[in-house]
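Scroll down for the structure; my scribbles are underneath it.
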Amino acid sequence: MEQKIHQGRNVKRFREMLNIKQEALAYDLGEDWSQKKISLLEQKDVIEENLLKQISAILKIPIEAFQNFNEEQAINIISNTFDNGAFLNTGYSPTFNTNPIDKIIQLHEEKIALYERMLKEKDEMMLRLEKLIK
C-alpha cells in the first residue's frame, strides 16, 4: 500500500520549521498571493512544479524535499534506528562550575566597591563646594 506524498503539507511543515508566516511567504511570492491563498495551497496534495520551484527558491529548500518527504517514513526510520533512551542520554549529568553563593558574594563585593567609589566622589564634591564657598 503506497501512500501519496502531500506536497502542500510538506510546504507547511518546512515553512513552519523556518519560522516563516504565511503572510511572509505570500509577500515573497508576489502581489497575487495572500495568507488565505497560501493556506489553500498548503491543503493541496499536488502543487504545480513551477510554483513549487518558486517556493523552493524562497525557502531555500530543494524542490525534492517537497516532492519526496513522507513523515511516516521518517518516523519509521527514526524509531527503527534508535533504541529506547537514545535521545535521553542516560548516565550523563552535566557539571556546572559556578557556585551560586560565590556569584552572590562577587555581586555583593562589586556593590560595596561601587558604594565606596560613590562616597569618595561625594567627599571630593563636598571639598570642591567648600572651596568655592570660601
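FYI, nothing fancy with the C-alpha cells labels: chains A, B, ... in order, residues from 1 per chain, ligands from 1 as they appear.
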
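Excluding region 52-61 of chain A itself and any same-chain residue fewer than 3 positions from it, the protein and nucleic acid residues within 10 Å of it, counting only C-alpha atoms, are Gln7, Gly8, Val11, Phe14, Arg15, Leu18, Ile20, Leu25, Ala26, Asp28, Leu29, Val46, Ile47, Glu48, Glu49, Glu64, Ala65, Phe66 and Gln67 of chain A.
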
> From the list A:Gln22, A:Ile104, A:Leu132, A:Ile112, which residue is nearest Ser34 (chain A) when using only C-alpha atoms?
Replying inline: A:Gln22

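Here CA of Glu72 (chain A) stands at a distance of 16.0 Å from CA of Lys12 (chain A).
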
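Note that the spacing between CA of Gly30 (chain A) and CA of Glu71 (chain A) amounts to 29.5 Å.
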
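Nearest to His6 (chain A) of all the residues A:Asn68, A:Ser39, A:Trp33, A:Tyr27 is A:Asn68, counting only C-alpha atoms.
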
> Could you work out how far CA of Glu16 (chain A) lies from CA of Gln35 (chain A), giving the answer in Å with one decimal?
Replying inline: 13.9 Å
